[in-house]
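Have a look at the structure below before the remarks.
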Amino acid sequence: MKKSWQTIVPAGVLSLLTVFSCCGKPAPASSPEMPGGKDTSALLELRIDLADTHQTIHSFGASDCWTGKFIGSWADVSKKNRVADLLFSTDTLADGTPRGIGLSLWRFNIGAGSFEQGAGSGIATDWRREECFLNADGSYNWNKQAGQQWFLQAARSRGVKYTLGFAISPPVYMTRNGKAFHPGGDNHLNIREGRMKDYAGFLAAVAEHLRLDYLSPVNEPQWDWSAKGKPTASQAGSQATNGDIAALVKQLSAALKTRHATAKVVIGEAGQLDFLYGRNNDDRGDQVSRFFSAASPDYIGNLPDVAPVISGHSYFTTCPDDKMVHVRQQLAEKVRQVNPALSVWQSEFGILGDICGQYSGSPRNTGIGYGLYVAKVIHHDLTVANVSSWQWWLAVSPYDYSDALVYINAPDSSINVDQCKRDGVVLESKQLWALGNYARFVRPGMQRVTASIDGLHDPVKAAGALMVSAYHDPQEKSLVVVLVNVSNETKTLRLHTSATLRKNLLNTYTTDADSNLKRSYSAPDSIVVKPQSVVTLTGRYQ
C-alpha cells in the first residue's frame with residue numbers, strides 16, 4: 001500500500017516562548033535561537049513513518065567495572081555526585097541543556113573474591129580485582145563492594161529504571177583453581193564439580209539482596225580467560241560451553257523461584273555478535289539457536305525467570321562499513337528465523353584495540369571523532385540488528401585508553417592510575433555525550449519507527465555520510481530523531497511525516513567538537529546538521 005506523506009511547513013512567525021520540549025515544559029526565556037544557514041538548493045528529504053514500527057526500546061546502560069570500588073568510596077561526595085549526574089541525571093541546566101545522559105540501566109559487577117586474595121589472586125592489578133559478598137564459611141557480608149553499592153543507589157535515586165548484576169567468574173571458593181580467572185586447558189566453566197547449584201544460589205541471593213532486575217551469569221565465554229602462561233592474568237573471566245551455560249541457567253531459574261526473587265536471567269554476553277548466529281565449532285557459538293530453539297538440547301526459552309533476551313557484544317564487527325551492516329543483518333535474520341519475539345541486547349561495547357586503522361583504544365582519545373564512531377555503532381545496532389538495549393562497557397576509567405564515558409585523572413591532573421583511588425579530577429568525553437544523544441531522549445518503552453533520507457536508503461552508503469533513526473511514544477505522542485553526520489559538510493533536511501507536528505518547531509540537541517547536547521531549535525523544513533556532529537530532535541505530534 002502506498003504511504004501518504006505530509007510535509008510539515010511552519011505556519012507564520014512562531015514565538016520560541018510557546019515551544020514545548022519533549023517533556024511538555026515551556027522553553028525558558030533564555031532559549032537559544034534557531035540555527036540558521038538554510039541552503040534550499042541542497043535540501044535533503046527526511047521521511048518518518050510513525051505507523052511502521054520496529055522494536056520497543058528497553059534501555060541504554062553502562063557498567064561499574066572496574067572503578068566503582070574506588071571512586072564510589074571517595075570522601076569527596078561532590079565529585080562522586082558529579083560522576084553520577086553525568087551518567088544518570090535527566091535534569092536540565094538553565095538553558096535547557098541536559099545535565100547528564102540519563103542512562104536507564106546500570107550494570108553491577110558481582111565480584112568473585114579476588115580483591116580479598118590480594119596479590120595471591122594472580123590478577124596483576126587491584127583495579128581489576130573485586131570483593132565477594134560470600135565468605136569462605138558460606139556466610140554473607142553485605143557491606144562489601146561498598147563503592148559499587150554507592151553508585152547503585154546513586155543510579156536509583158536519579159531515576160535509572162533497571163539494574164543488572166553480571167558475573168564474570170564464580171566465587172573463588174567454588175572455582176577449580178581457587179582463582180577468578182580460568183585455569184586453561186579446556187573451554188568449560190571454571191567451577192568445581194558439584195558446585196553449580198551453589199553458584200546459582202549465590203547469584204540468586206545477591207539479586208534478592210540488591211533488588212536487581214536482571215542477572216547475567218556468564219560473560220564472553222568464547223575468549224580465553226586464563227593467564228596464558230604468564231605470571232599473572234589481566235583480569236577475571238571464564239570460558240563456558242553452551243551446555244555449561246544452559247546447566248547453570250536451569251539451576252539459577254530454580255534458585256530464583258525458591259527465593260521468590262523478581263530478577264530475570266538474561267544470557268549470551270557473546271564476545272562478538274557473530275557468535276550469536278554462527279561460529280559454533282566448539283559449542284560456544286550459534287547461541288540464538290542453541291538457547292532459544294525448542295529443538296536444541298540447550299533450550300532454556302521455556303524456563304521461568306528467564307527473559308526472552310539474547311545478548312552479545314559489538315566488538316570487532318564494526319568496520320569496514322559493509323561488514324558492520326552485514327553482521328547485523330545476519331543476526332536479525334537468525335532471530336527472525338528462530339523466534340521473532342526474542343529481544344536482542346548489545347550488552348557491552350567500548351573502543352578496543354585497533355579499529356581498521358581509524359580508531360584505537362590506546363592512547364586515550366575523547367574527541368568528537370571517537371564520539372561519532374560510537375554514535376555510528378549505536379545507530380547500526382539499533383537500526384540493522386534491531387537491538388532493544390544498548391550498553392557501554394566502562395562507565396568510568398582512570399586509564400590512558402578510550403573505552404570509558406567519564407574519565408578520572410590524578411589530583412594533579414595527570415594520567416596516573418594509582419593516584420586516583422582516593423581522589424581525582426573528573427573529566428567528560430565525546431563518547432559520553434554521543435551516547436547521550438540516544439540515551440537521554442530515547443526512553444524505555446519508546447518504539448523505533450521507519451526513518452529514511454532520500455538518496456541514502458543503502459545503509460552502507462549512509463554510514464559514510466548521514467545516518468538517521470527515529471523513535472516515538474504513541475501514548476505521549478512524542479517523537480525523537482537522531483542524526484549522525486560523519487561528513488565534513490553541513491546537511492540541511494526537510495521533514496516529512498505521517499502526523500502533524502505540534503508548534504512546528506523541534507528541540508535540537510547537538511554534540512560536536514564544541515558542544516555537548518547543546519540545545520537550540522529547528523524548523524522542520526530547515527533542519528541544519530553541522531559537519532561532524534550528532535543531533536537529536538524532539539517534539540510532539542497530534
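Labeling convention for the C-alpha cells: chains A, B, ... as they appear, residues from 1 per chain, ligands from 1 in order of appearance.
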
request  = Using DSSP on the backbone coordinates, identify all residues within stretch 9-179 of chain A classified as strand (DSSP E or B); present the result as an MDAnalysis selection string.
outcome  = chainID A and resid 20 26 43:56 59:63 92 98 105:109 123 134 140 162:166

message = Just want the 9 Å neighbourhood of stretch 294-311 of chain A, counted on only C-alpha atoms, with same-chain residues fewer than 2 positions away dropped. Output as a PyMOL selection string.
response = chain A and resi 214+242-243+245-247+249-250+252-254+256-257+261-270+273+276+287-292+313+341-348+387

Export, as a tab-separated table (two decimals), in the first residue's frame, the selected residues with N, CA and C atoms.
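Saved file part.tsv follows:
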```
chain	number	residue	atom	x	y	z
A	214	TYR	N	17.77	-7.79	36.73
A	214	TYR	CA	18.29	-8.82	35.82
A	214	TYR	C	19.58	-9.41	36.36
A	242	ASN	N	28.12	-23.84	25.64
A	242	ASN	CA	26.67	-23.64	25.67
A	242	ASN	C	26.01	-24.60	26.65
A	243	GLY	N	26.54	-25.81	26.72
A	243	GLY	CA	26.00	-26.79	27.66
A	243	GLY	C	26.19	-26.34	29.11
A	245	ILE	N	26.43	-23.24	30.15
A	245	ILE	CA	25.55	-22.09	30.40
A	245	ILE	C	24.12	-22.55	30.61
A	246	ALA	N	23.67	-23.48	29.78
A	246	ALA	CA	22.30	-23.98	29.93
A	246	ALA	C	22.11	-24.66	31.29
A	247	ALA	N	23.10	-25.43	31.72
A	247	ALA	CA	23.00	-26.10	33.01
A	247	ALA	C	22.94	-25.09	34.15
A	249	VAL	N	21.91	-21.92	33.94
A	249	VAL	CA	20.66	-21.16	33.87
A	249	VAL	C	19.50	-21.98	34.45
A	250	LYS	N	19.50	-23.27	34.23
A	250	LYS	CA	18.45	-24.11	34.81
A	250	LYS	C	18.51	-24.09	36.33
A	252	LEU	N	19.87	-21.66	38.09
A	252	LEU	CA	19.60	-20.29	38.51
A	252	LEU	C	18.11	-19.98	38.47
A	253	SER	N	17.43	-20.46	37.46
A	253	SER	CA	15.97	-20.28	37.38
A	253	SER	C	15.29	-20.89	38.60
A	254	ALA	N	15.72	-22.09	38.98
A	254	ALA	CA	15.15	-22.76	40.16
A	254	ALA	C	15.46	-22.00	41.44
A	256	LEU	N	16.09	-18.76	41.82
A	256	LEU	CA	15.30	-17.52	41.87
A	256	LEU	C	13.86	-17.81	42.27
A	257	LYS	N	13.33	-18.90	41.76
A	257	LYS	CA	11.95	-19.28	42.09
A	257	LYS	C	11.84	-19.62	43.58
A	261	ALA	N	12.57	-14.33	44.17
A	261	ALA	CA	13.24	-13.13	43.68
A	261	ALA	C	12.59	-12.67	42.38
A	262	THR	N	12.63	-11.38	42.13
A	262	THR	CA	11.98	-10.84	40.94
A	262	THR	C	12.92	-10.70	39.75
A	263	ALA	N	14.21	-10.94	39.94
A	263	ALA	CA	15.17	-10.79	38.85
A	263	ALA	C	14.91	-11.81	37.74
A	264	LYS	N	15.18	-11.39	36.51
A	264	LYS	CA	15.10	-12.26	35.35
A	264	LYS	C	16.51	-12.54	34.84
A	265	VAL	N	16.72	-13.76	34.35
A	265	VAL	CA	18.02	-14.14	33.82
A	265	VAL	C	18.11	-13.71	32.35
A	266	VAL	N	19.21	-13.05	32.00
A	266	VAL	CA	19.49	-12.74	30.59
A	266	VAL	C	20.82	-13.40	30.24
A	267	ILE	N	20.87	-14.02	29.10
A	267	ILE	CA	22.08	-14.77	28.76
A	267	ILE	C	22.63	-14.37	27.40
A	268	GLY	N	23.86	-14.83	27.18
A	268	GLY	CA	24.58	-14.55	25.95
A	268	GLY	C	25.89	-13.87	26.28
A	269	GLU	N	25.87	-12.54	26.30
A	269	GLU	CA	27.08	-11.74	26.51
A	269	GLU	C	28.21	-12.26	25.61
A	270	ALA	N	27.83	-12.66	24.39
A	270	ALA	CA	28.81	-13.22	23.45
A	270	ALA	C	29.91	-12.22	23.15
A	273	LEU	N	29.19	-10.36	18.02
A	273	LEU	CA	27.81	-10.62	17.60
A	273	LEU	C	27.69	-11.86	16.73
A	276	LEU	N	26.50	-15.20	18.01
A	276	LEU	CA	25.07	-15.40	18.26
A	276	LEU	C	24.39	-16.17	17.14
A	287	GLN	N	24.38	-19.06	19.41
A	287	GLN	CA	23.67	-19.07	20.69
A	287	GLN	C	22.18	-18.75	20.58
A	288	VAL	N	21.78	-18.04	19.54
A	288	VAL	CA	20.34	-17.82	19.36
A	288	VAL	C	19.63	-19.15	19.21
A	289	SER	N	20.14	-20.00	18.33
A	289	SER	CA	19.52	-21.32	18.12
A	289	SER	C	19.72	-22.24	19.31
A	290	ARG	N	20.91	-22.24	19.87
A	290	ARG	CA	21.20	-23.20	20.94
A	290	ARG	C	20.35	-22.95	22.18
A	291	PHE	N	20.07	-21.69	22.49
A	291	PHE	CA	19.32	-21.39	23.71
A	291	PHE	C	17.83	-21.16	23.49
A	292	PHE	N	17.44	-20.80	22.26
A	292	PHE	CA	16.04	-20.40	22.07
A	292	PHE	C	15.31	-21.16	20.97
A	313	HIS	N	28.13	-8.72	22.25
A	313	HIS	CA	28.96	-7.52	22.29
A	313	HIS	C	29.39	-7.13	20.88
A	341	ALA	N	9.97	-13.14	18.45
A	341	ALA	CA	9.64	-12.42	19.69
A	341	ALA	C	10.86	-12.22	20.59
A	342	LEU	N	11.99	-12.79	20.22
A	342	LEU	CA	13.21	-12.69	21.02
A	342	LEU	C	13.81	-11.30	20.90
A	343	SER	N	14.15	-10.69	22.04
A	343	SER	CA	14.82	-9.39	22.04
A	343	SER	C	16.32	-9.59	21.98
A	344	VAL	N	17.00	-8.67	21.32
A	344	VAL	CA	18.46	-8.68	21.23
A	344	VAL	C	19.01	-7.49	22.00
A	345	TRP	N	19.97	-7.76	22.88
A	345	TRP	CA	20.65	-6.69	23.61
A	345	TRP	C	22.11	-6.65	23.19
A	346	GLN	N	22.59	-5.43	22.92
A	346	GLN	CA	24.03	-5.22	22.78
A	346	GLN	C	24.49	-4.81	24.17
A	347	SER	N	25.16	-5.74	24.87
A	347	SER	CA	25.36	-5.56	26.31
A	347	SER	C	26.77	-5.14	26.72
A	348	GLU	N	27.65	-4.91	25.74
A	348	GLU	CA	28.96	-4.36	26.11
A	348	GLU	C	29.68	-3.86	24.87
A	387	VAL	N	18.52	-4.10	18.05
A	387	VAL	CA	18.70	-4.30	19.49
A	387	VAL	C	17.73	-3.40	20.25
```

Gap from atom CA of A:Thr508 to atom CA of A:Arg328 - Å, one decimal = 29.1 Å

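Going from atom CA of A:Asp244 over to atom CA of A:Arg176, you cover 14.4 Å.
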
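With only C-alpha atoms taken into account, the protein and nucleic acid residues at most 9 Å from A:His54 (excluding it and anything under 3 positions from it in its own chain) are Thr383, Asn386, Gln447, Arg448, Val449 and Thr450 of chain A.
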
key: Selection near A:Ala204, 7 Å with only C-alpha atoms, sequence-local residues under 3 positions removed, as a list of chain:residue names   = A:Ala200, A:Gly201, A:Ala207, A:Glu208, A:Leu252, A:Ala255, A:Leu256

Residues from last step as file, N, CA and C atoms, as a PDB file, in the first residue's frame:
```pdb
ATOM      1  N   ALA A 200      24.579 -20.908  41.573  1.00  0.00           N
ATOM      2  CA  ALA A 200      23.257 -20.358  41.269  1.00  0.00           C
ATOM      3  C   ALA A 200      22.619 -19.753  42.514  1.00  0.00           C
ATOM      4  N   GLY A 201      22.768 -20.442  43.643  1.00  0.00           N
ATOM      5  CA  GLY A 201      22.217 -19.926  44.895  1.00  0.00           C
ATOM      6  C   GLY A 201      22.855 -18.615  45.307  1.00  0.00           C
ATOM      7  N   ALA A 207      21.023 -11.161  43.884  1.00  0.00           N
ATOM      8  CA  ALA A 207      19.925 -10.496  43.178  1.00  0.00           C
ATOM      9  C   ALA A 207      18.818 -10.087  44.135  1.00  0.00           C
ATOM     10  N   GLU A 208      18.515 -10.969  45.092  1.00  0.00           N
ATOM     11  CA  GLU A 208      17.463 -10.666  46.061  1.00  0.00           C
ATOM     12  C   GLU A 208      17.881  -9.518  46.975  1.00  0.00           C
ATOM     13  N   LEU A 252      19.872 -21.660  38.090  1.00  0.00           N
ATOM     14  CA  LEU A 252      19.603 -20.292  38.512  1.00  0.00           C
ATOM     15  C   LEU A 252      18.108 -19.981  38.467  1.00  0.00           C
ATOM     16  N   ALA A 255      16.702 -21.479  41.547  1.00  0.00           N
ATOM     17  CA  ALA A 255      17.102 -20.749  42.754  1.00  0.00           C
ATOM     18  C   ALA A 255      16.323 -19.450  42.901  1.00  0.00           C
ATOM     19  N   LEU A 256      16.086 -18.758  41.820  1.00  0.00           N
ATOM     20  CA  LEU A 256      15.299 -17.522  41.872  1.00  0.00           C
ATOM     21  C   LEU A 256      13.859 -17.808  42.270  1.00  0.00           C
TER      22      LEU A 256
END
```

query = Please, which residues of stretch 71-287 of chain A, numbered as in this document, come out alpha helix (DSSP H) from DSSP, as a count of residues only?
reply = 63

key: atom CA of A:Asp400 to atom CA of A:Tyr370, distance in Å rounded to a single decimal   = 14.5 Å

So that I can check the surroundings of A:Ala84, please list as a PDB file with C-alpha atoms, in the first residue's frame every protein, DNA and RNA residue that reaches within 10 Å of it, counting only C-alpha atoms and ignoring chain neighbours fewer than 5 positions away.
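Final output, selection05.pdb:
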```
ATOM      1  CA  GLY A  72      32.399   5.188  44.945  1.00  0.00           C
ATOM      2  CA  SER A  78      30.516  16.332  45.460  1.00  0.00           C
ATOM      3  CA  LYS A  79      32.880  14.687  42.965  1.00  0.00           C
ATOM      4  CA  SER A  89      20.773  12.647  35.549  1.00  0.00           C
ATOM      5  CA  GLY A 100      23.777  14.219  32.133  1.00  0.00           C
ATOM      6  CA  GLY A 102      20.180   9.804  31.662  1.00  0.00           C
ATOM      7  CA  TRP A 150      27.113   3.704  46.356  1.00  0.00           C
ATOM      8  CA  PHE A 151      26.816   4.028  42.584  1.00  0.00           C
ATOM      9  CA  LEU A 152      23.941   1.537  42.515  1.00  0.00           C
ATOM     10  CA  GLN A 153      21.988   3.721  44.910  1.00  0.00           C
ATOM     11  CA  ALA A 154      23.053   6.887  43.088  1.00  0.00           C
ATOM     12  CA  ALA A 155      21.610   5.422  39.906  1.00  0.00           C
ATOM     13  CA  SER A 157      17.985   7.928  43.256  1.00  0.00           C
ATOM     14  CA  ARG A 158      18.335   9.606  39.854  1.00  0.00           C
ATOM     15  CA  ALA A 395      31.337   3.980  32.720  1.00  0.00           C
ATOM     16  CA  VAL A 406      33.787   9.556  32.220  1.00  0.00           C
TER      17      VAL A 406
END
```

Which residue of A:Ile527, A:Ile355, A:Cys132, A:Leu189 approaches A:Leu203 most closely, using only C-alpha atoms = A:Cys132

inquiry  = From the options A:Ala112, A:Glu45, A:Gly184, A:Pro171, which residue's atoms come nearest to A:Lys230, counting only C-alpha atoms?
reply    = A:Gly184

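Closest approach to A:Ser526 among A:Arg494, A:Asp512, A:Leu505, A:Gln251 is made by A:Arg494 (distances from only C-alpha atoms).
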
Can you pull out the residues contacting A:Leu215? Cut-off 6 Å, using only C-alpha atoms, and skip same-chain residues under 5 positions away; I want them as a PDB file with N, CA, C and O atoms, in the first residue's frame.
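What follows is the written file out_8.pdb:
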```pdb
ATOM      1  N   LEU A 164      21.123  -4.368  36.646  1.00  0.00           N
ATOM      2  CA  LEU A 164      21.511  -5.701  36.195  1.00  0.00           C
ATOM      3  C   LEU A 164      22.790  -6.103  36.894  1.00  0.00           C
ATOM      4  O   LEU A 164      23.753  -5.327  36.938  1.00  0.00           O
ATOM      5  N   GLY A 165      22.808  -7.283  37.455  1.00  0.00           N
ATOM      6  CA  GLY A 165      24.021  -7.833  38.041  1.00  0.00           C
ATOM      7  C   GLY A 165      24.657  -8.808  37.075  1.00  0.00           C
ATOM      8  O   GLY A 165      23.980  -9.700  36.565  1.00  0.00           O
ATOM      9  N   PHE A 166      25.947  -8.635  36.803  1.00  0.00           N
ATOM     10  CA  PHE A 166      26.628  -9.567  35.897  1.00  0.00           C
ATOM     11  C   PHE A 166      27.848 -10.158  36.593  1.00  0.00           C
ATOM     12  O   PHE A 166      28.498  -9.508  37.407  1.00  0.00           O
ATOM     13  N   VAL A 265      16.718 -13.756  34.353  1.00  0.00           N
ATOM     14  CA  VAL A 265      18.022 -14.136  33.819  1.00  0.00           C
ATOM     15  C   VAL A 265      18.114 -13.710  32.354  1.00  0.00           C
ATOM     16  O   VAL A 265      17.194 -13.967  31.573  1.00  0.00           O
TER      17      VAL A 265
END
```

task = Excluding A:Ala233 and any residue of its chain fewer than 6 positions from it, enumerate the residues within 8 Å of it, using only C-alpha atoms, and give them as an MDAnalysis selection string.
result = chainID A and resid 122:124 181 225:227

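Residue nearest A:Asn504, chosen from A:Arg129, A:Arg540, A:Arg284, A:Lys477 and counting only C-alpha atoms: A:Arg540.
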
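The closest residue to A:Leu93, picked from A:Ile48, A:Lys518, A:Asp64, A:Gly369 and counting only C-alpha atoms, is A:Lys518.
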
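Shortest separation to A:Thr536 among A:Asn437, A:Thr97, A:Ser314, A:Thr258 occurs at residue A:Asn437, atoms counted being only C-alpha atoms.
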